[in-house]
Each structure stands twice: as C-alpha cells, then as structure tokens.
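Below: my_file-v9.tsv (TSV, C-alpha atoms and all ligand atoms)
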```
chain	number	residue	atom	x	y	z
A	287	MET	CA	0.00	0.00	0.00
A	288	ALA	CA	1.34	3.45	-0.90
A	289	VAL	CA	2.67	5.55	1.98
A	290	ASN	CA	0.17	8.32	1.22
A	291	THR	CA	-2.78	5.93	1.43
A	292	LEU	CA	-1.51	4.67	4.78
A	293	LYS	CA	-1.12	8.25	6.01
A	294	THR	CA	-4.70	9.05	4.95
A	295	ILE	CA	-6.05	5.98	6.74
A	296	PHE	CA	-4.10	6.86	9.87
A	297	TRP	CA	-5.27	10.50	9.73
A	298	THR	CA	-8.92	9.46	9.29
A	299	PHE	CA	-8.71	6.93	12.10
A	300	LYS	CA	-7.08	9.43	14.46
A	301	ASN	CA	-9.58	12.21	13.77
A	302	ILE	CA	-12.79	10.32	13.09
A	303	LYS	CA	-14.44	11.29	16.40
A	304	SER	CA	-13.95	15.04	16.06
A	305	ILE	CA	-14.94	15.02	12.37
A	306	LYS	CA	-18.11	13.05	13.22
A	307	ASN	CA	-18.96	15.55	15.97
A	308	TRP	CA	-18.40	18.38	13.54
A	309	LYS	CA	-20.73	16.71	11.04
A	310	LYS	CA	-23.37	16.46	13.79
A	311	ARG	CA	-23.02	20.24	14.18
A	312	GLN	CA	-23.63	20.61	10.42
A	313	PHE	CA	-19.99	21.63	9.97
A	314	SER	CA	-20.68	24.90	11.76
A	315	PRO	CA	-17.87	26.86	13.45
A	316	PRO	CA	-15.74	26.33	15.44
A	317	SER	CA	-13.96	23.77	13.32
A	318	PRO	CA	-12.24	20.89	15.09
A	319	GLU	CA	-8.71	21.46	16.30
A	320	VAL	CA	-7.26	19.25	13.57
A	321	ILE	CA	-8.75	21.54	10.89
A	322	LYS	CA	-7.55	24.69	12.67
A	323	HIS	CA	-4.10	23.15	12.86
A	324	LYS	CA	-4.11	22.63	9.08
A	325	ILE	CA	-4.89	26.35	8.62
A	326	ILE	CA	-1.98	27.20	10.91
A	327	ILE	CA	0.38	24.92	8.96
A	328	ASN	CA	-0.80	26.43	5.65
A	329	ASN	CA	0.05	29.90	6.96
A	330	ASN	CA	3.48	29.07	8.29
A	331	LEU	CA	6.46	31.12	7.08
A	332	GLU	CA	9.88	29.67	6.37
A	333	ASN	CA	12.34	29.63	9.28
A	334	CYS	CA	10.07	31.78	11.33
A	335	LEU	CA	9.44	32.58	14.95
A	336	TRP	CA	5.93	31.68	16.07
A	337	ILE	CA	4.36	33.58	18.96
A	338	GLU	CA	1.20	32.19	20.56
A	339	THR	CA	-0.91	34.01	23.11
A	340	GLY	CA	-2.87	31.61	25.32
A	341	THR	CA	-0.86	28.39	25.83
A	342	TYR	CA	-3.68	26.45	27.52
A	343	TYR	CA	-2.71	22.71	27.48
A	344	GLY	CA	-0.17	23.22	24.70
A	345	ASN	CA	-1.78	21.31	21.82
A	346	THR	CA	-1.10	24.14	19.38
A	347	THR	CA	2.21	25.01	21.05
A	348	LYS	CA	3.42	21.50	20.25
A	349	LEU	CA	2.34	21.87	16.63
A	350	LEU	CA	4.06	25.28	16.33
A	351	SER	CA	7.26	23.87	17.80
A	352	GLY	CA	7.35	21.34	14.96
A	353	ILE	CA	6.99	23.90	12.16
A	354	SER	CA	9.02	26.82	13.51
A	355	LYS	CA	12.61	27.61	14.34
A	356	LYS	CA	11.42	28.86	17.68
A	357	THR	CA	8.07	29.18	19.43
A	358	ILE	CA	7.26	31.60	22.23
A	359	THR	CA	3.99	30.96	24.04
A	360	ILE	CA	2.35	33.23	26.61
A	361	GLU	CA	-0.09	32.11	29.32
A	362	ALA	CA	-1.52	34.10	32.23
A	363	ASP	CA	-2.97	31.17	34.17
A	364	LYS	CA	-0.20	29.93	36.47
A	365	TYR	CA	-1.40	26.34	36.63
A	366	LEU	CA	-1.72	26.04	32.83
A	367	HIS	CA	1.66	27.70	32.29
A	368	GLU	CA	3.49	25.39	34.70
A	369	ASN	CA	1.64	22.25	33.68
A	370	THR	CA	2.24	22.73	29.94
A	371	LYS	CA	5.83	23.84	30.40
A	372	LYS	CA	6.52	20.61	32.28
A	373	LYS	CA	4.58	18.48	29.80
A	374	LEU	CA	6.46	19.85	26.76
A	375	ARG	CA	9.88	20.25	28.40
A	376	TYR	CA	11.41	17.82	25.87
A	377	LEU	CA	10.74	20.31	23.04
A	378	LYS	CA	13.77	22.55	23.25
A	379	ASN	CA	12.69	25.29	20.84
A	380	ILE	CA	9.76	26.49	22.99
A	381	GLU	CA	10.00	29.42	25.37
A	382	PHE	CA	7.16	29.57	27.90
A	383	LEU	CA	6.29	33.01	29.24
A	384	TYR	CA	4.03	33.42	32.25
A	385	GLY	CA	1.92	36.57	32.43
A	386	ASN	CA	-0.49	38.77	30.59
A	387	SER	CA	-0.16	38.86	26.80
A	388	GLU	CA	-0.71	42.61	26.91
A	389	ASN	CA	2.72	42.95	28.55
A	390	LEU	CA	4.55	39.89	27.30
A	391	LEU	CA	3.78	40.17	23.61
A	392	LEU	CA	6.17	43.11	23.58
A	393	THR	CA	8.90	40.98	25.24
A	394	ALA	CA	8.31	38.19	22.71
A	395	LEU	CA	8.41	40.51	19.67
A	396	GLU	CA	11.47	42.31	20.97
A	397	SER	CA	13.35	39.07	21.53
A	398	GLY	CA	12.44	37.92	18.02
A	399	LEU	CA	13.93	40.85	16.14
A	400	ASN	CA	16.74	38.67	14.78
A	401	TYR	CA	14.16	36.69	12.78
A	402	LYS	CA	13.22	37.77	9.25
A	403	ASN	CA	9.76	36.24	9.48
A	404	VAL	CA	7.29	36.03	12.33
A	405	CYS	CA	3.89	34.36	12.67
A	406	ILE	CA	1.59	35.29	15.53
A	407	TYR	CA	-1.35	33.22	16.76
A	408	LEU	CA	-3.63	35.37	18.91
A	409	ASP	CA	-5.74	33.05	21.05
A	410	ALA	CA	-5.65	34.52	24.57
A	411	HIS	CA	-9.10	34.82	25.99
A	412	LEU	CA	-11.38	33.59	28.71
A	413	CYS	CA	-12.37	29.96	28.22
A	414	THR	CA	-13.46	26.99	30.27
A	415	ASP	CA	-10.67	24.70	31.33
A	416	HIS	CA	-12.16	21.41	30.16
A	417	ILE	CA	-10.14	19.40	32.69
A	418	ARG	CA	-10.50	21.54	35.81
A	419	GLN	CA	-14.01	22.71	34.83
A	420	LYS	CA	-13.35	26.31	35.73
A	421	ASN	CA	-12.74	29.56	33.95
A	422	THR	CA	-9.20	30.25	32.79
A	423	PHE	CA	-7.47	33.59	33.26
A	424	SER	CA	-9.38	36.76	32.34
A	425	HIS	CA	-12.11	38.85	33.83
A	426	LYS	CA	-15.62	39.81	32.99
A	427	ASN	CA	-15.56	42.71	30.52
A	428	SER	CA	-11.94	42.03	29.59
A	429	GLU	CA	-12.38	38.53	28.23
A	430	THR	CA	-10.21	39.19	25.20
A	431	SER	CA	-7.12	41.38	25.05
A	432	ILE	CA	-7.11	41.40	21.25
A	433	LEU	CA	-7.21	45.18	20.74
A	434	ASN	CA	-4.26	45.76	23.06
A	435	GLU	CA	-2.40	42.92	21.39
A	436	LEU	CA	-2.96	44.40	17.93
A	437	GLN	CA	-1.80	47.81	19.13
A	438	LEU	CA	1.48	46.21	20.18
A	439	VAL	CA	1.85	44.17	16.99
A	440	GLU	CA	1.33	47.33	14.93
A	441	LYS	CA	4.54	48.83	16.31
A	442	TYR	CA	6.52	45.86	15.01
A	443	LEU	CA	5.04	45.42	11.52
A	444	GLN	CA	7.95	47.14	9.80
A	445	LYS	CA	10.60	45.29	11.78
A	446	PHE	CA	10.06	41.94	10.05
A	447	GLU	CA	10.21	41.04	6.36
A	448	LYS	CA	7.07	38.88	6.49
A	449	ILE	CA	4.38	38.69	9.14
A	450	ASN	CA	1.31	36.48	9.35
A	451	ILE	CA	-1.13	37.23	12.15
A	452	LEU	CA	-3.77	34.59	12.87
A	453	ILE	CA	-6.72	35.61	15.05
A	454	ASP	CA	-8.69	32.66	16.33
A	455	ASP	CA	-12.42	32.50	17.11
A	456	ILE	CA	-13.28	35.29	14.69
A	457	ARG	CA	-16.95	34.15	14.77
A	458	LEU	CA	-17.17	35.77	18.21
A	459	PHE	CA	-16.15	39.21	16.93
A	460	ASP	CA	-19.60	40.67	16.51
A	461	LYS	CA	-19.93	43.26	19.30
A	462	ASN	CA	-22.57	41.15	21.08
A	463	PHE	CA	-20.26	38.73	22.78
A	464	GLN	CA	-18.30	39.75	25.89
A	465	ASN	CA	-15.84	42.52	25.07
A	466	TYR	CA	-15.07	41.21	21.60
A	467	PRO	CA	-14.85	44.03	19.05
A	468	ASN	CA	-16.67	43.83	15.74
A	469	LYS	CA	-14.74	42.19	12.90
A	470	LYS	CA	-14.99	45.47	11.04
A	471	LEU	CA	-12.53	46.98	13.50
A	472	ILE	CA	-10.00	44.29	12.67
A	473	VAL	CA	-10.61	44.78	8.96
A	474	ASP	CA	-10.03	48.53	9.41
A	475	TRP	CA	-6.86	47.77	11.36
A	476	CYS	CA	-5.63	45.64	8.45
A	477	ASP	CA	-6.48	48.35	5.90
A	478	LYS	CA	-4.74	51.01	7.97
A	479	ASN	CA	-1.62	48.88	8.17
A	480	GLN	CA	-1.76	47.67	4.56
A	481	LEU	CA	-2.28	44.04	5.47
A	482	SER	CA	-4.30	41.65	3.39
A	483	TRP	CA	-6.85	39.56	5.24
A	484	SER	CA	-8.99	36.47	4.80
A	485	ILE	CA	-11.03	34.19	7.00
A	486	GLU	CA	-10.65	30.41	6.99
A	487	HIS	CA	-12.41	28.12	9.43
A	488	ASP	CA	-12.98	30.70	12.16
A	489	ILE	CA	-9.44	32.06	11.92
A	490	MET	CA	-8.77	35.51	10.49
A	491	ILE	CA	-5.43	35.63	8.71
A	492	CYS	CA	-3.73	39.01	8.27
A	493	ARG	CA	-0.65	39.17	6.06
A	494	LYS	CA	1.91	41.83	5.36
A	495	LEU	CA	1.69	42.61	1.64
A	501	LIG	C1	-8.64	29.24	24.02
A	501	LIG	S1	-7.40	28.98	25.19
A	501	LIG	C2	-5.96	28.82	24.19
A	501	LIG	C3	-5.89	27.53	23.43
A	501	LIG	C4	-4.54	27.23	22.84
A	501	LIG	N1	-3.99	28.35	22.11
A	501	LIG	C5	-4.64	26.02	21.92
A	501	LIG	O1	-4.73	26.24	20.69
A	501	LIG	O2	-4.67	24.89	22.40
A	501	LIG	C6	-7.17	30.59	25.86
A	501	LIG	C7	-6.03	30.65	26.88
A	501	LIG	O3	-5.66	32.03	27.00
A	501	LIG	C8	-5.33	32.29	28.34
A	501	LIG	N2	-5.48	33.76	28.53
A	501	LIG	C9	-6.62	34.48	28.62
A	501	LIG	N3	-6.36	35.79	28.69
A	501	LIG	C10	-5.01	35.90	28.63
A	501	LIG	C11	-4.11	37.01	28.63
A	501	LIG	N4	-4.56	38.27	28.69
A	501	LIG	N5	-2.78	36.76	28.54
A	501	LIG	C12	-2.31	35.49	28.45
A	501	LIG	N6	-3.11	34.40	28.45
A	501	LIG	C13	-4.43	34.60	28.53
A	501	LIG	C14	-6.30	31.45	29.12
A	501	LIG	O4	-5.85	31.23	30.43
A	501	LIG	C15	-6.39	30.19	28.27
A	501	LIG	O5	-5.45	29.24	28.69
```

Turn the structure described in the file into structure tokens.
Ligand SMILES: C[S@@+](CC[C@H](N)C(=O)[O-])C[C@H]1O[C@@H](n2cnc3c(N)ncnc32)[C@H](O)[C@@H]1O
Amino acid sequence: MAVNTLKTIFWTFKNIKSIKNWKKRQFSPPSPEVIKHKIIINNNLENCLWIETGTYYGNTTKLLSGISKKTITIEADKYLHENTKKKLRYLKNIEFLYGNSENLLLTALESGLNYKNVCIYLDAHLCTDHIRQKNTFSHKNSETSILNELQLVEKYLQKFEKINILIDDIRLFDKNFQNYPNKKLIVDWCDKNQLSWSIEHDIMICRKL
C-alpha cells in the first residue's frame, strides 16, 4: 500500500471522532482542532518565529514547535503555564512566558527581532478549562485582550520582512459577545496597516503585503 494511502487511513482513524462531531453540528464553526491546525500549517512562514498568546494545554504550542525555528507561548494562568511547560519540556525550541499577553507580547516581539519572518497566533481569551471545569485567566468585561495585542503588533510590523497574524475564534467578533470588538474593526486595522486579510475556518489571517 502506498505511503500516502496509509497516512490518509491513519489521519482518518485518528480524527474520526472530532470530524463526526463536527458533522453532527452541520460543519458549523468552530472547526475541530485538527482543521484549525491545518490552517496554521498552511500559513506558516519559512524559518520563522511563532508567537502564541494563550498556551492552555499546549496542543497548538506542540504543533508550532514542529513547524518553527522557535516558538514563544504566553499564558496568564499559572497552573496552565506550569503544567504545559513541564509536559512539553522535551521540546527545546519552545520558550514559555508566564503573564499577561498585553505585557509579554512586547517581550516576545522584541526578543524575536533577529528573525526575518514572524507568525503570531492570537488566542488569549477567557475559556473553560475542560479538565478543571473552571474559567481560565481573564475577567468579565476584559475577556479578550485582542485590541491591546494588535496595538502592540502594529509597532513591530515594519521590523520583520514577512508577518502572518492569525486571530482565532473570529466568529465571536460581533460586538454582542463579551468585550469582543466587531470584525470590522480588525478589517479597518488591516487596511490602515496595509495588510491583506482572509477568514478560513474561524481564523482571520492578516498578512503583510
Ligand atoms: C482558548 S485557550 C488557548 C488555546 C490554545 N492556544 C490552543 O490552541 O490549544 C485561551 C487561553 O488564553 C489564556 N489567557 C486568557 N487571557 C489571557 C491574557 N490576557 N494573557 C495570556 N493568556 C491569557 C487562558 O488562560 C487560556 O489558557
């Protein structure tokens, strides 16, 4: 049997449960993690630094480590930070930062200035910890720090040759959910900074032209 056929069988077997669940939801957003991970891989830049806000249990951090030269991940929940850092300690190209993305994104960008290309995955927001069954870091009315994060990123746009910024959960950006801004604001931000944008599977992708 050809290697590709075997790979497809293995992939299908591994992901059958989440794909079936997605089908039950009529393929509505959010897409399963495996699909989101494909979008991330498709938007990777060569030899880049990846920065992730919101480490959580490190599923995406692990993926980023495998496709990047270096990955910096930021988490404000102490338990999640320590737990994931310990779990992924064998992956030597990951730097784990503990604290608020609104402060640490600057540290991460600053330390990455020797890279030509950077990819940023903005995913820091209030969510339910599915293992501890409690809310993760963040407060009512400040559930997402996206606008502050974008303000910081803006200052660094000219410092890298290529930048891809991936904003997860874009379906929530409709002004009616928590403190999420309307998508239009993000579109305006892209226009102002001459970035192209598109939306794939609940992830908004902003690229330096
Ligand atoms: C949706 S989860 C991240 C999922 C993870 N990126 C993944 O793909 O598996 C959001 C995470 O962001 C963290 N978080 C929320 N607000 C934050 C902030 N301002 N700074 C850093 N982390 C934050 C939460 O504690 C939570 O672990």

For Gln464 of chain A, which of A:Thr294, A:Ser397, A:Ser428, A:Asn386 is the closest residue, counting all atoms listed in the file?
->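 Among A:Thr294, A:Ser397, A:Ser428, A:Asn386, it is A:Ser428 that comes nearest to Gln464 of chain A.
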
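Atom pair atom O2 of ligand LIG 501 (chain A) / atom CA of Val404 of chain A has a distance of 19.2 Å (rounded to one decimal).
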
For atom CA of Lys445 of chain A and atom CA of Lys402 of chain A, quote the distance in Å rounded to one decimal.
-> 8.4 Å

Output the neighbourhood of ligand LIG 501 (chain A) as a ChimeraX atom specification, that is, all protein and nucleic acid residues with some atom at most 10 Å from the ligand, counting all atoms listed in the file.
-> /A:319,322-323,338-350,359-367,383-391,407-415,421-425,428-432,434-435,454-455

I need the residues from that last selection saved to file as a CSV table (one decimal), keeping the file's coordinate frame (with C-alpha atoms), if you can.
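Here's the written file part05.csv:
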```csv
chain,number,residue,atom,x,y,z
A,319,GLU,CA,-8.7,21.5,16.3
A,322,LYS,CA,-7.6,24.7,12.7
A,323,HIS,CA,-4.1,23.2,12.9
A,338,GLU,CA,1.2,32.2,20.6
A,339,THR,CA,-0.9,34.0,23.1
A,340,GLY,CA,-2.9,31.6,25.3
A,341,THR,CA,-0.9,28.4,25.8
A,342,TYR,CA,-3.7,26.4,27.5
A,343,TYR,CA,-2.7,22.7,27.5
A,344,GLY,CA,-0.2,23.2,24.7
A,345,ASN,CA,-1.8,21.3,21.8
A,346,THR,CA,-1.1,24.1,19.4
A,347,THR,CA,2.2,25.0,21.0
A,348,LYS,CA,3.4,21.5,20.2
A,349,LEU,CA,2.3,21.9,16.6
A,350,LEU,CA,4.1,25.3,16.3
A,359,THR,CA,4.0,31.0,24.0
A,360,ILE,CA,2.4,33.2,26.6
A,361,GLU,CA,-0.1,32.1,29.3
A,362,ALA,CA,-1.5,34.1,32.2
A,363,ASP,CA,-3.0,31.2,34.2
A,364,LYS,CA,-0.2,29.9,36.5
A,365,TYR,CA,-1.4,26.3,36.6
A,366,LEU,CA,-1.7,26.0,32.8
A,367,HIS,CA,1.7,27.7,32.3
A,383,LEU,CA,6.3,33.0,29.2
A,384,TYR,CA,4.0,33.4,32.2
A,385,GLY,CA,1.9,36.6,32.4
A,386,ASN,CA,-0.5,38.8,30.6
A,387,SER,CA,-0.2,38.9,26.8
A,388,GLU,CA,-0.7,42.6,26.9
A,389,ASN,CA,2.7,43.0,28.6
A,390,LEU,CA,4.6,39.9,27.3
A,391,LEU,CA,3.8,40.2,23.6
A,407,TYR,CA,-1.4,33.2,16.8
A,408,LEU,CA,-3.6,35.4,18.9
A,409,ASP,CA,-5.7,33.0,21.0
A,410,ALA,CA,-5.6,34.5,24.6
A,411,HIS,CA,-9.1,34.8,26.0
A,412,LEU,CA,-11.4,33.6,28.7
A,413,CYS,CA,-12.4,30.0,28.2
A,414,THR,CA,-13.5,27.0,30.3
A,415,ASP,CA,-10.7,24.7,31.3
A,421,ASN,CA,-12.7,29.6,34.0
A,422,THR,CA,-9.2,30.2,32.8
A,423,PHE,CA,-7.5,33.6,33.3
A,424,SER,CA,-9.4,36.8,32.3
A,425,HIS,CA,-12.1,38.8,33.8
A,428,SER,CA,-11.9,42.0,29.6
A,429,GLU,CA,-12.4,38.5,28.2
A,430,THR,CA,-10.2,39.2,25.2
A,431,SER,CA,-7.1,41.4,25.0
A,432,ILE,CA,-7.1,41.4,21.2
A,434,ASN,CA,-4.3,45.8,23.1
A,435,GLU,CA,-2.4,42.9,21.4
A,454,ASP,CA,-8.7,32.7,16.3
A,455,ASP,CA,-12.4,32.5,17.1
```

Can you tell me, as AutoDock Vina command-line options, the centre and edge lengths (Å, one decimal) of the axis-aligned box enclosing all of segment 413-419 of chain A's listed atoms after padding each side by 3 Å?
```
--center_x -12.1 --center_y 24.7 --center_z 32.0 --size_x 9.9 --size_y 16.6 --size_z 13.6
```

Would you kindly return, as a PyMOL selection string, each protein, DNA or RNA residue with an atom no farther than 12 Å from any atom of Leu335 of chain A, considering all atoms listed in the file and excluding same-chain residues fewer than 2 positions away?
-> chain A and resi 330-333+337-338+350-359+379-381+394-407+446+448-451

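Closest approach to Lys300 of chain A among A:Val439, A:Ala288, A:Val320, A:Leu481 is made by A:Val320 (distances from all atoms listed in the file).
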
Counting all atoms listed in the file, the option among A:Leu443, A:Lys470, A:Leu377, A:Asn462 closest to Asn427 of chain A =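 For Asn427 of chain A, the nearest of the candidates is A:Asn462.
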
Check the smallest atom-to-atom distance from each of A:Phe382, A:Leu452, A:Phe459, A:Arg375 to Asn329 of chain A using all atoms listed in the file, then report the winner.
-> A:Leu452

Can you tell me how far atom CA of Lys426 of chain A sits from atom CA of Leu438 of chain A, in Å to one decimal?
->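 These two atoms are separated by 22.3 Å.
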
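Residues having any atom no farther than 9 Å from (-14.5, 16.8, 15.7) (counting only C-alpha atoms) are Asn301, Ile302, Lys303, Ser304, Ile305, Lys306, Asn307, Trp308, Lys309, Ser317, Pro318, Glu319, Val320 and Ile321 of chain A.
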
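Residue nearest His487 of chain A, chosen from A:Trp475, A:Tyr376, A:Phe313, A:Tyr466 and counting all atoms listed in the file: A:Phe313.
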